[in-house]
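Printed here is target-v1.cif (mmCIF, C-alpha atoms):
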data_protein
#
loop_
_atom_site.group_PDB
_atom_site.id
_atom_site.type_symbol
_atom_site.label_atom_id
_atom_site.label_comp_id
_atom_site.auth_asym_id
_atom_site.auth_seq_id
_atom_site.Cartn_x
_atom_site.Cartn_y
_atom_site.Cartn_z
ATOM 1 C CA MET T 1 -6.367 -13.476 -29.090
ATOM 2 C CA ASN T 2 -8.323 -15.351 -31.798
ATOM 3 C CA LYS T 3 -12.069 -15.234 -32.411
ATOM 4 C CA GLU T 4 -12.835 -18.302 -30.295
ATOM 5 C CA GLU T 5 -10.807 -16.978 -27.340
ATOM 6 C CA LYS T 6 -12.622 -13.638 -27.553
ATOM 7 C CA LYS T 7 -15.942 -15.493 -27.470
ATOM 8 C CA GLN T 8 -14.848 -17.404 -24.378
ATOM 9 C CA GLU T 9 -13.767 -14.161 -22.696
ATOM 10 C CA LEU T 10 -17.160 -12.563 -23.340
ATOM 11 C CA ALA T 11 -18.962 -15.703 -22.204
ATOM 12 C CA ALA T 12 -16.946 -15.782 -18.974
ATOM 13 C CA ARG T 13 -17.658 -12.105 -18.333
ATOM 14 C CA ALA T 14 -21.385 -12.588 -18.996
ATOM 15 C CA ALA T 15 -21.410 -15.622 -16.658
ATOM 16 C CA TRP T 16 -19.880 -13.557 -13.832
ATOM 17 C CA MET T 17 -22.520 -10.887 -14.304
ATOM 18 C CA TYR T 18 -25.448 -13.315 -14.527
ATOM 19 C CA TYR T 19 -24.605 -15.989 -11.955
ATOM 20 C CA VAL T 20 -22.607 -13.980 -9.420
ATOM 21 C CA ALA T 21 -23.864 -10.402 -9.642
ATOM 22 C CA GLY T 22 -27.453 -11.432 -10.430
ATOM 23 C CA LEU T 23 -27.825 -9.040 -13.364
ATOM 24 C CA THR T 24 -30.590 -9.521 -15.899
ATOM 25 C CA GLN T 25 -29.809 -10.362 -19.507
ATOM 26 C CA GLN T 26 -30.761 -6.801 -20.475
ATOM 27 C CA ASP T 27 -28.409 -5.378 -17.822
ATOM 28 C CA ILE T 28 -25.582 -7.530 -19.207
ATOM 29 C CA ALA T 29 -26.367 -6.502 -22.776
ATOM 30 C CA THR T 30 -26.210 -2.828 -21.789
ATOM 31 C CA ALA T 31 -22.964 -3.225 -19.847
ATOM 32 C CA LEU T 32 -21.244 -5.086 -22.696
ATOM 33 C CA GLY T 33 -22.749 -3.024 -25.514
ATOM 34 C CA LEU T 34 -24.519 -6.008 -27.048
ATOM 35 C CA SER T 35 -28.078 -6.955 -27.935
ATOM 36 C CA ARG T 36 -30.138 -8.883 -25.402
ATOM 37 C CA GLN T 37 -30.194 -11.894 -27.725
ATOM 38 C CA VAL T 38 -26.382 -11.986 -27.935
ATOM 39 C CA ALA T 39 -26.107 -11.681 -24.156
ATOM 40 C CA GLN T 40 -28.507 -14.590 -23.761
ATOM 41 C CA ARG T 41 -26.438 -16.721 -26.169
ATOM 42 C CA LEU T 42 -23.237 -15.887 -24.283
ATOM 43 C CA ILE T 43 -24.756 -17.078 -20.999
ATOM 44 C CA SER T 44 -25.913 -20.307 -22.664
ATOM 45 C CA SER T 45 -22.464 -20.753 -24.228
ATOM 46 C CA ALA T 46 -20.807 -20.394 -20.827
ATOM 47 C CA ARG T 47 -22.888 -23.292 -19.515
ATOM 48 C CA GLU T 48 -22.308 -25.417 -22.611
ATOM 49 C CA MET T 49 -18.532 -24.861 -22.504
ATOM 50 C CA GLY T 50 -18.443 -26.055 -18.884
ATOM 51 C CA MET T 51 -17.462 -22.690 -17.415
ATOM 52 C CA VAL T 52 -20.333 -22.643 -14.943
ATOM 53 C CA THR T 53 -20.287 -25.199 -12.150
ATOM 54 C CA VAL T 54 -20.307 -24.218 -8.488
ATOM 55 C CA ASN T 55 -18.071 -21.302 -9.462
ATOM 56 C CA ILE T 56 -16.962 -19.763 -12.729
ATOM 57 C CA SER T 57 -14.115 -21.929 -13.921
ATOM 58 C CA HIS T 58 -12.916 -19.680 -16.751
ATOM 59 C CA PRO T 59 -11.338 -16.481 -15.419
ATOM 60 C CA VAL T 60 -11.342 -13.291 -17.458
ATOM 61 C CA THR T 61 -7.862 -13.046 -18.947
ATOM 62 C CA ARG T 62 -7.762 -9.253 -18.734
ATOM 63 C CA CYS T 63 -8.511 -9.433 -15.017
ATOM 64 C CA MET T 64 -5.743 -11.976 -14.536
ATOM 65 C CA GLU T 65 -3.305 -9.683 -16.350
ATOM 66 C CA LEU T 66 -4.377 -6.707 -14.252
ATOM 67 C CA ALA T 67 -3.913 -8.748 -11.087
ATOM 68 C CA ALA T 68 -0.426 -9.814 -12.148
ATOM 69 C CA ASN T 69 0.540 -6.223 -12.936
ATOM 70 C CA LEU T 70 -0.824 -4.950 -9.623
ATOM 71 C CA GLN T 71 0.979 -7.702 -7.778
ATOM 72 C CA GLU T 72 4.265 -6.657 -9.384
ATOM 73 C CA LYS T 73 3.727 -2.896 -8.980
ATOM 74 C CA TYR T 74 2.888 -3.073 -5.279
ATOM 75 C CA ALA T 75 4.970 -6.143 -4.363
ATOM 76 C CA LEU T 76 1.887 -8.108 -3.271
ATOM 77 C CA SER T 77 1.983 -11.766 -2.305
ATOM 78 C CA LEU T 78 -1.536 -12.257 -3.703
ATOM 79 C CA CYS T 79 -3.843 -10.247 -5.943
ATOM 80 C CA ARG T 80 -7.227 -11.072 -7.463
ATOM 81 C CA VAL T 81 -9.311 -8.852 -9.747
ATOM 82 C CA VAL T 82 -12.992 -9.409 -10.543
ATOM 83 C CA PRO T 83 -14.743 -8.089 -13.671
ATOM 84 C CA SER T 84 -16.440 -4.729 -13.149
ATOM 85 C CA ALA T 85 -16.452 -2.814 -16.457
ATOM 86 C CA GLY T 86 -19.856 -1.166 -16.844
ATOM 87 C CA LEU T 87 -21.229 -2.478 -13.541
ATOM 88 C CA GLU T 88 -22.878 -0.723 -10.611
ATOM 89 C CA ASN T 89 -21.360 -0.871 -7.125
ATOM 90 C CA GLU T 90 -23.829 -3.450 -5.773
ATOM 91 C CA ALA T 91 -22.925 -5.922 -8.516
ATOM 92 C CA ILE T 92 -19.204 -5.314 -7.902
ATOM 93 C CA GLN T 93 -19.626 -6.038 -4.195
ATOM 94 C CA GLN T 94 -21.341 -9.343 -4.982
ATOM 95 C CA MET T 95 -18.453 -10.345 -7.213
ATOM 96 C CA LEU T 96 -15.912 -9.356 -4.556
ATOM 97 C CA ALA T 97 -17.794 -11.549 -2.090
ATOM 98 C CA VAL T 98 -17.512 -14.629 -4.302
ATOM 99 C CA GLU T 99 -13.849 -14.056 -5.178
ATOM 100 C CA GLY T 100 -12.974 -13.198 -1.581
ATOM 101 C CA ALA T 101 -14.661 -16.384 -0.394
ATOM 102 C CA ASP T 102 -12.593 -18.395 -2.875
ATOM 103 C CA VAL T 103 -9.388 -16.828 -1.526
ATOM 104 C CA MET T 104 -10.348 -17.512 2.087
ATOM 105 C CA ALA T 105 -11.511 -21.068 1.342
ATOM 106 C CA LYS T 106 -8.087 -21.997 0.021
ATOM 107 C CA PHE T 107 -6.481 -21.030 3.343
ATOM 108 C CA ILE T 108 -9.248 -22.631 5.390
ATOM 109 C CA ALA T 109 -8.781 -25.900 3.487
ATOM 110 C CA ASN T 110 -5.326 -26.224 5.069
ATOM 111 C CA ASP T 111 -5.290 -29.207 7.431
ATOM 112 C CA SER T 112 -2.696 -27.722 9.784
ATOM 113 C CA PRO T 113 -4.156 -25.420 12.473
ATOM 114 C CA GLN T 114 -4.384 -21.795 11.369
ATOM 115 C CA VAL T 115 -5.155 -18.582 13.241
ATOM 116 C CA PHE T 116 -7.106 -16.056 11.163
ATOM 117 C CA GLY T 117 -7.237 -12.413 12.197
ATOM 118 C CA ILE T 118 -10.529 -10.915 11.001
ATOM 119 C CA GLY T 119 -11.763 -7.341 10.666
ATOM 120 C CA SER T 120 -15.351 -6.217 10.211
ATOM 121 C CA GLY T 121 -17.605 -4.462 7.715
ATOM 122 C CA LYS T 122 -20.096 -5.141 4.936
ATOM 123 C CA THR T 123 -17.589 -6.479 2.403
ATOM 124 C CA LEU T 124 -16.063 -9.020 4.781
ATOM 125 C CA ARG T 125 -19.499 -10.066 6.001
ATOM 126 C CA ALA T 126 -20.611 -10.671 2.399
ATOM 127 C CA ILE T 127 -17.472 -12.745 1.807
ATOM 128 C CA ILE T 128 -18.138 -14.893 4.862
ATOM 129 C CA ASP T 129 -21.758 -15.336 3.758
ATOM 130 C CA ALA T 130 -20.446 -16.657 0.439
ATOM 131 C CA LEU T 131 -18.054 -19.106 2.135
ATOM 132 C CA PRO T 132 -19.052 -22.764 2.008
ATOM 133 C CA TRP T 133 -19.419 -24.627 5.297
ATOM 134 C CA LEU T 134 -16.045 -26.258 5.934
ATOM 135 C CA GLU T 135 -15.362 -28.616 8.840
ATOM 136 C CA ARG T 136 -12.074 -27.233 10.138
ATOM 137 C CA PRO T 137 -12.443 -27.118 13.946
ATOM 138 C CA GLN T 138 -8.654 -26.955 14.297
ATOM 139 C CA HIS T 139 -8.647 -23.356 13.026
ATOM 140 C CA GLN T 140 -9.259 -20.212 15.105
ATOM 141 C CA CYS T 141 -10.801 -16.836 14.254
ATOM 142 C CA VAL T 142 -9.631 -13.793 16.187
ATOM 143 C CA SER T 143 -11.305 -10.404 16.058
ATOM 144 C CA MET T 144 -8.981 -7.490 15.300
ATOM 145 C CA ILE T 145 -11.414 -4.761 16.301
ATOM 146 C CA GLY T 146 -13.612 -3.776 19.226
ATOM 147 C CA ALA T 147 -17.248 -4.013 18.229
ATOM 148 C CA ILE T 148 -19.014 -1.748 20.747
ATOM 149 C CA ALA T 149 -20.350 1.576 19.437
ATOM 150 C CA ARG T 150 -20.730 4.905 21.249
ATOM 151 C CA ASP T 151 -24.286 4.016 22.308
ATOM 152 C CA ASP T 152 -23.100 0.669 23.782
ATOM 153 C CA SER T 153 -24.655 -1.332 20.930
ATOM 154 C CA GLY T 154 -22.787 -4.023 19.062
ATOM 155 C CA THR T 155 -21.962 -3.970 15.370
ATOM 156 C CA ARG T 156 -24.242 -5.736 12.927
ATOM 157 C CA TYR T 157 -21.175 -7.044 11.114
ATOM 158 C CA ASP T 158 -19.642 -9.481 13.609
ATOM 159 C CA VAL T 159 -17.587 -11.176 10.930
ATOM 160 C CA PRO T 160 -15.186 -13.316 13.024
ATOM 161 C CA LEU T 161 -18.041 -15.098 14.790
ATOM 162 C CA LYS T 162 -19.744 -15.908 11.488
ATOM 163 C CA MET T 163 -16.498 -17.213 10.008
ATOM 164 C CA ALA T 164 -15.850 -19.387 13.055
ATOM 165 C CA GLU T 165 -19.328 -20.847 12.657
ATOM 166 C CA LYS T 166 -18.629 -21.667 9.012
ATOM 167 C CA MET T 167 -15.423 -23.513 10.002
ATOM 168 C CA GLN T 168 -16.796 -24.910 13.288
ATOM 169 C CA GLY T 169 -13.704 -23.480 14.954
ATOM 170 C CA LYS T 170 -13.045 -21.272 17.990
ATOM 171 C CA TYR T 171 -13.760 -17.538 18.086
ATOM 172 C CA PHE T 172 -11.884 -14.939 20.153
ATOM 173 C CA PHE T 173 -13.184 -11.369 20.400
ATOM 174 C CA ILE T 174 -11.731 -8.046 21.548
ATOM 175 C CA PRO T 175 -13.504 -7.177 24.840
ATOM 176 C CA ALA T 176 -13.533 -3.403 24.308
ATOM 177 C CA PRO T 177 -15.306 -0.589 22.477
ATOM 178 C CA LEU T 178 -13.722 0.455 19.186
ATOM 179 C CA TYR T 179 -12.936 3.876 20.674
ATOM 180 C CA ALA T 180 -12.592 4.274 24.433
ATOM 181 C CA ASP T 181 -14.032 7.354 26.162
ATOM 182 C CA SER T 182 -10.560 8.735 26.910
ATOM 183 C CA PRO T 183 -6.871 7.805 26.621
ATOM 184 C CA GLU T 184 -6.995 6.715 30.248
ATOM 185 C CA ASP T 185 -10.048 4.576 29.533
ATOM 186 C CA LYS T 186 -8.201 2.988 26.601
ATOM 187 C CA THR T 187 -5.331 2.093 28.908
ATOM 188 C CA MET T 188 -7.763 0.434 31.292
ATOM 189 C CA TRP T 189 -9.341 -1.667 28.526
ATOM 190 C CA CYS T 190 -6.040 -2.611 26.908
ATOM 191 C CA GLN T 191 -4.305 -3.562 30.145
ATOM 192 C CA HIS T 192 -6.938 -6.157 30.967
ATOM 193 C CA GLN T 193 -5.438 -9.651 30.816
ATOM 194 C CA LEU T 194 -8.211 -10.962 28.561
ATOM 195 C CA TYR T 195 -7.648 -8.138 26.082
ATOM 196 C CA GLN T 196 -3.894 -8.743 26.060
ATOM 197 C CA ARG T 197 -4.250 -12.481 25.480
ATOM 198 C CA VAL T 198 -6.642 -11.975 22.560
ATOM 199 C CA ALA T 199 -4.558 -9.151 21.085
ATOM 200 C CA GLU T 200 -1.404 -11.267 21.249
ATOM 201 C CA ARG T 201 -3.204 -14.085 19.466
ATOM 202 C CA ALA T 202 -4.360 -11.641 16.780
ATOM 203 C CA LEU T 203 -0.889 -10.133 16.325
ATOM 204 C CA ASN T 204 0.502 -13.629 15.747
ATOM 205 C CA ALA T 205 -2.234 -14.701 13.329
ATOM 206 C CA ASP T 206 -1.062 -16.706 10.326
ATOM 207 C CA ILE T 207 -3.036 -14.422 8.040
ATOM 208 C CA THR T 208 -5.292 -11.405 8.527
ATOM 209 C CA PHE T 209 -8.334 -10.554 6.391
ATOM 210 C CA LEU T 210 -9.450 -6.913 6.480
ATOM 211 C CA GLY T 211 -11.711 -4.490 4.693
ATOM 212 C CA ILE T 212 -10.411 -1.132 3.462
ATOM 213 C CA GLY T 213 -12.819 1.659 4.341
ATOM 214 C CA GLU T 214 -13.526 5.076 2.903
ATOM 215 C CA VAL T 215 -13.938 8.012 5.280
ATOM 216 C CA GLY T 216 -16.589 10.689 4.893
ATOM 217 C CA LEU T 217 -20.003 11.691 6.140
ATOM 218 C CA GLY T 218 -22.214 8.615 5.921
ATOM 219 C CA CYS T 219 -19.308 6.164 5.749
ATOM 220 C CA PRO T 220 -19.769 2.944 7.773
ATOM 221 C CA LEU T 221 -17.837 4.168 10.836
ATOM 222 C CA ASN T 222 -19.952 7.330 10.848
ATOM 223 C CA ALA T 223 -23.281 5.674 10.031
ATOM 224 C CA GLU T 224 -22.764 2.964 12.670
ATOM 225 C CA GLY T 225 -22.094 5.548 15.377
ATOM 226 C CA PHE T 226 -18.392 4.920 15.933
ATOM 227 C CA ILE T 227 -17.282 8.430 14.893
ATOM 228 C CA THR T 228 -19.287 11.674 14.872
ATOM 229 C CA ASP T 229 -19.882 14.109 12.014
ATOM 230 C CA GLU T 230 -17.473 16.550 13.656
ATOM 231 C CA GLN T 231 -14.757 13.903 13.856
ATOM 232 C CA VAL T 232 -15.263 13.055 10.179
ATOM 233 C CA LYS T 233 -14.860 16.722 9.235
ATOM 234 C CA ALA T 234 -11.694 16.970 11.335
ATOM 235 C CA LEU T 235 -10.249 13.938 9.556
ATOM 236 C CA GLU T 236 -11.135 15.439 6.177
ATOM 237 C CA GLN T 237 -9.162 18.550 7.130
ATOM 238 C CA GLN T 238 -6.183 16.223 7.627
ATOM 239 C CA HIS T 239 -6.727 14.907 4.068
ATOM 240 C CA VAL T 240 -7.809 11.455 5.187
ATOM 241 C CA ALA T 241 -7.941 8.865 2.412
ATOM 242 C CA GLY T 242 -9.115 5.735 4.208
ATOM 243 C CA GLU T 243 -9.036 3.542 7.275
ATOM 244 C CA MET T 244 -8.452 -0.005 8.403
ATOM 245 C CA LEU T 245 -9.655 -1.159 11.824
ATOM 246 C CA GLY T 246 -10.098 2.503 12.768
ATOM 247 C CA HIS T 247 -6.495 3.382 11.855
ATOM 248 C CA PHE T 248 -6.726 6.437 9.583
ATOM 249 C CA PHE T 249 -4.211 7.298 6.856
ATOM 250 C CA ASN T 250 -3.766 10.042 4.276
ATOM 251 C CA HIS T 251 -3.352 9.746 0.500
ATOM 252 C CA GLN T 252 0.335 8.897 0.891
ATOM 253 C CA GLY T 253 -0.549 6.015 3.206
ATOM 254 C CA VAL T 254 0.844 7.841 6.243
ATOM 255 C CA ARG T 255 -1.036 7.251 9.483
ATOM 256 C CA LEU T 256 -2.946 10.239 10.822
ATOM 257 C CA GLU T 257 -2.398 10.802 14.505
ATOM 258 C CA GLY T 258 -5.030 12.623 16.487
ATOM 259 C CA GLU T 259 -7.642 12.518 19.208
ATOM 260 C CA LEU T 260 -9.283 9.344 17.870
ATOM 261 C CA ASP T 261 -5.928 7.629 17.601
ATOM 262 C CA THR T 262 -5.314 8.036 21.329
ATOM 263 C CA ARG T 263 -8.558 6.166 22.107
ATOM 264 C CA LEU T 264 -8.438 3.363 19.522
ATOM 265 C CA THR T 265 -8.450 -0.136 21.021
ATOM 266 C CA SER T 266 -8.089 -2.174 17.810
ATOM 267 C CA VAL T 267 -5.190 -4.558 17.399
ATOM 268 C CA PRO T 268 -2.333 -2.381 16.072
ATOM 269 C CA LEU T 269 -1.680 -2.118 12.342
ATOM 270 C CA CYS T 270 1.190 -0.359 10.655
ATOM 271 C CA SER T 271 2.331 0.720 7.227
ATOM 272 C CA GLN T 272 5.008 -1.401 5.551
ATOM 273 C CA THR T 273 3.477 -4.321 7.378
ATOM 274 C CA PRO T 274 5.632 -7.400 7.964
ATOM 275 C CA ARG T 275 2.484 -9.499 8.529
ATOM 276 C CA ASN T 276 0.275 -11.338 6.033
ATOM 277 C CA VAL T 277 -2.558 -8.801 5.708
ATOM 278 C CA TYR T 278 -5.031 -9.212 2.846
ATOM 279 C CA GLY T 279 -7.396 -6.361 2.006
ATOM 280 C CA PHE T 280 -10.775 -6.721 0.296
ATOM 281 C CA ALA T 281 -12.319 -3.638 -1.319
ATOM 282 C CA GLY T 282 -13.609 -2.329 -4.613
ATOM 283 C CA GLY T 283 -15.799 0.276 -6.254
ATOM 284 C CA ALA T 284 -15.237 3.919 -7.120
ATOM 285 C CA LYS T 285 -15.983 5.307 -3.650
ATOM 286 C CA LYS T 286 -13.191 3.200 -2.138
ATOM 287 C CA TYR T 287 -10.543 3.972 -4.754
ATOM 288 C CA ALA T 288 -8.692 6.612 -2.722
ATOM 289 C CA ALA T 289 -8.612 4.339 0.331
ATOM 290 C CA ILE T 290 -7.359 1.343 -1.656
ATOM 291 C CA ARG T 291 -4.662 3.395 -3.370
ATOM 292 C CA ALA T 292 -3.478 4.835 -0.045
ATOM 293 C CA ALA T 293 -3.441 1.407 1.633
ATOM 294 C CA LEU T 294 -1.279 0.069 -1.191
ATOM 295 C CA THR T 295 0.980 3.116 -1.267
ATOM 296 C CA GLY T 296 1.616 2.857 2.466
ATOM 297 C CA GLN T 297 1.938 -0.942 2.280
ATOM 298 C CA TRP T 298 -0.763 -1.492 4.874
ATOM 299 C CA VAL T 299 -1.642 -4.690 2.982
ATOM 300 C CA ASN T 300 0.398 -7.238 1.062
ATOM 301 C CA GLY T 301 -2.567 -8.960 -0.544
ATOM 302 C CA LEU T 302 -5.559 -7.477 -2.367
ATOM 303 C CA VAL T 303 -8.875 -8.553 -3.863
ATOM 304 C CA THR T 304 -10.411 -5.720 -5.875
ATOM 305 C CA ASP T 305 -12.273 -4.959 -9.106
ATOM 306 C CA GLU T 306 -11.303 -4.340 -12.713
ATOM 307 C CA ASP T 307 -11.991 -0.589 -12.915
ATOM 308 C CA THR T 308 -10.065 0.017 -9.698
ATOM 309 C CA ALA T 309 -7.135 -2.051 -10.984
ATOM 310 C CA VAL T 310 -7.001 -0.073 -14.232
ATOM 311 C CA LYS T 311 -6.908 3.246 -12.345
ATOM 312 C CA LEU T 312 -4.261 1.987 -9.930
ATOM 313 C CA LEU T 313 -2.016 0.878 -12.775
ATOM 314 C CA ALA T 314 -2.476 4.209 -14.561
ATOM 315 C CA GLU T 315 -1.072 6.022 -11.510
ATOM 316 C CA LYS T 316 2.627 6.824 -11.707
#
For the file at hand, write its structure as structure tokens.
Amino acid sequence: MNKEEKKQELAARAAWMYYVAGLTQQDIATALGLSRQVAQRLISSAREMGMVTVNISHPVTRCMELAANLQEKYALSLCRVVPSAGLENEAIQQMLAVEGADVMAKFIANDSPQVFGIGSGKTLRAIIDALPWLERPQHQCVSMIGAIARDDSGTRYDVPLKMAEKMQGKYFFIPAPLYADSPEDKTMWCQHQLYQRVAERALNADITFLGIGEVGLGCPLNAEGFITDEQVKALEQQHVAGEMLGHFFNHQGVRLEGELDTRLTSVPLCSQTPRNVYGFAGGAKKYAAIRAALTGQWVNGLVTDEDTAVKLLAEK
């Protein structure tokens, strides 16, 4: 890589940090090990070189290489990696939102009718917020997860509805709590004709977009009231690594069966998935979950961050 290419790489990285993550020039200087004046010039250069339009048109080459290597290592059909070296988690999440929205927008732009299976969570909600408004009423969004908590409240992250609004398409939701009160109660919910019609639609979705969640005290499922502190501790004793749609798996990507599993009403997922399932996750606290999801082949597409990609590729 010559001097000019290195300058473009730095300018592209600085542009991501400034325009997407919202970092100050001093924050960027600190993250890149440069002076504030140099950081300021890099941001100006990015604009002058035409990198900055509605999105950042010059990708970071290292991130592209990491994505290609991850795609080969884990046999993924799609992989994207956003810059994250030296960044805090909040900035990484903002970058994931923009890159995730770009991935989704390419599928939404398809003129032929598509069915999108959608999970829930903060990352997916941020991605949908970053999506442009696209007039695609021929598409459908189907929820993959029950959104009723233990106290009968609904989740604050009703992602499928928001996505349907952005596309002006139809929205289908799972009419059930995430976890039923008992196995018998689960059977009652899941045998309802409405549930079965929606679940069948979700299982036959053209593509499914899901978050990959960490599991521990204070994790989203715990904080939102879907699982108790005692249930979290029980899962930790089983060496839980992560979850998707309330399906828990260990560090080898093997599903953990237990009391919660017998009451889960989400649309079924499985390891070594034959479906088009794209996962969106990044940041240090989600590394174990991402690694396990890839190891167990719960996803065949991934949007993640640079530091996570480097660690994944270092694993044997």
Please provide the set of residues having any atom within 12 Å of Leu42 (chain T), restricted to all atoms listed in the file, with same-chain residues fewer than 6 positions apart removed, written as a count of residues only. 24
Find the residues near Gln93 (chain T): any atom within 9 Å, counting all atoms listed in the file, skip ones fewer than 3 places away on the same chain, and give them as number ranges by chain. T: 21, 88-90, 96-98, 123, 126, 281-283, 305
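When the PyMOL selection byres ((chain T and resi 160-175) around 6) is run on the displayed coordinates, the residues it returns are Ile118, Ile128, Trp133, Leu134, Glu135, Arg136, Pro137, His139, Gln140, Cys141, Val142, Ser143, Gly146, Asp158, Val159 and Ala176 of chain T.
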Might you spell out which residues the PyMOL selection byres ((chain T and resi 212-227) around 8) would select in the displayed file, as a PyMOL selection string? chain T and resi 121+149-151+155+178-179+210-211+228-229+231-233+236+240-244+279-281+285-286+288-290+293
Resolved residues for the PyMOL selection byres ((chain T and resi 64) around 12) as a list in words: Glu9, His58, Pro59, Val60, Thr61, Arg62, Cys63, Glu65, Leu66, Ala67, Ala68, Asn69, Leu70, Gln71, Leu78, Cys79, Arg80, Val81, Val82, Pro83, Val303, Thr304, Asp305, Glu306, Ala309 and Val310 of chain T
Region 159-174 of chain T, all listed atoms, 4 Å padding on each side: what axis-aligned box centre and edge lengths in Å to one decimal come out, as lines of an AutoDock Vina configuration file?
center_x = -15.7
center_y = -16.5
center_z = 15.3
size_x = 16.0
size_y = 24.9
size_z = 20.5
Please determine, counting only C-alpha atoms, which residue among T:Lys3, T:Arg41, T:Arg263, T:Arg291 has the shortest atom-to-atom distance to Ser182 (chain T). T:Arg263
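Atom to atom, CA of Asp206 (chain T) and CA of Val115 (chain T) stand 5.4 Å apart.
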Contacts of Ser112 (chain T) at 9 Å (only C-alpha atoms; same-chain gap of 2+ positions) as a list in words: Ala109, Asn110, Gln114, Gln138 and His139 of chain T
For the residues in the current selection, export C-alpha atoms as a PDB file, keeping the file's coordinate frame.
ATOM      1  CA  ALA T 109      -8.781 -25.900   3.487  1.00  0.00           C
ATOM      2  CA  ASN T 110      -5.326 -26.224   5.069  1.00  0.00           C
ATOM      3  CA  GLN T 114      -4.384 -21.795  11.369  1.00  0.00           C
ATOM      4  CA  GLN T 138      -8.654 -26.955  14.297  1.00  0.00           C
ATOM      5  CA  HIS T 139      -8.647 -23.356  13.026  1.00  0.00           C
TER       6      HIS T 139
END
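Nearest residue to Glu259 (chain T) among T:Tyr287, T:Pro183, T:Asp307, T:Thr30 is T:Pro183, counting only C-alpha atoms.
Candidate residues T:Ala31, T:Ala205, T:Leu124, T:Ala234 were compared for distance to Met104 (chain T), and the nearest is T:Leu124, using all atoms listed in the file.
Between CA of Gly86 (chain T) and CA of Phe209 (chain T) lies a distance of 27.6 Å.
Separating CA of Thr273 (chain T) from CA of Gln297 (chain T) is a distance of 6.3 Å.
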Just checking: using all atoms listed in the file, which residue out of T:Ala46, T:Leu235, T:Ala180, T:Val198 ends up closest to Leu264 (chain T)? T:Ala180
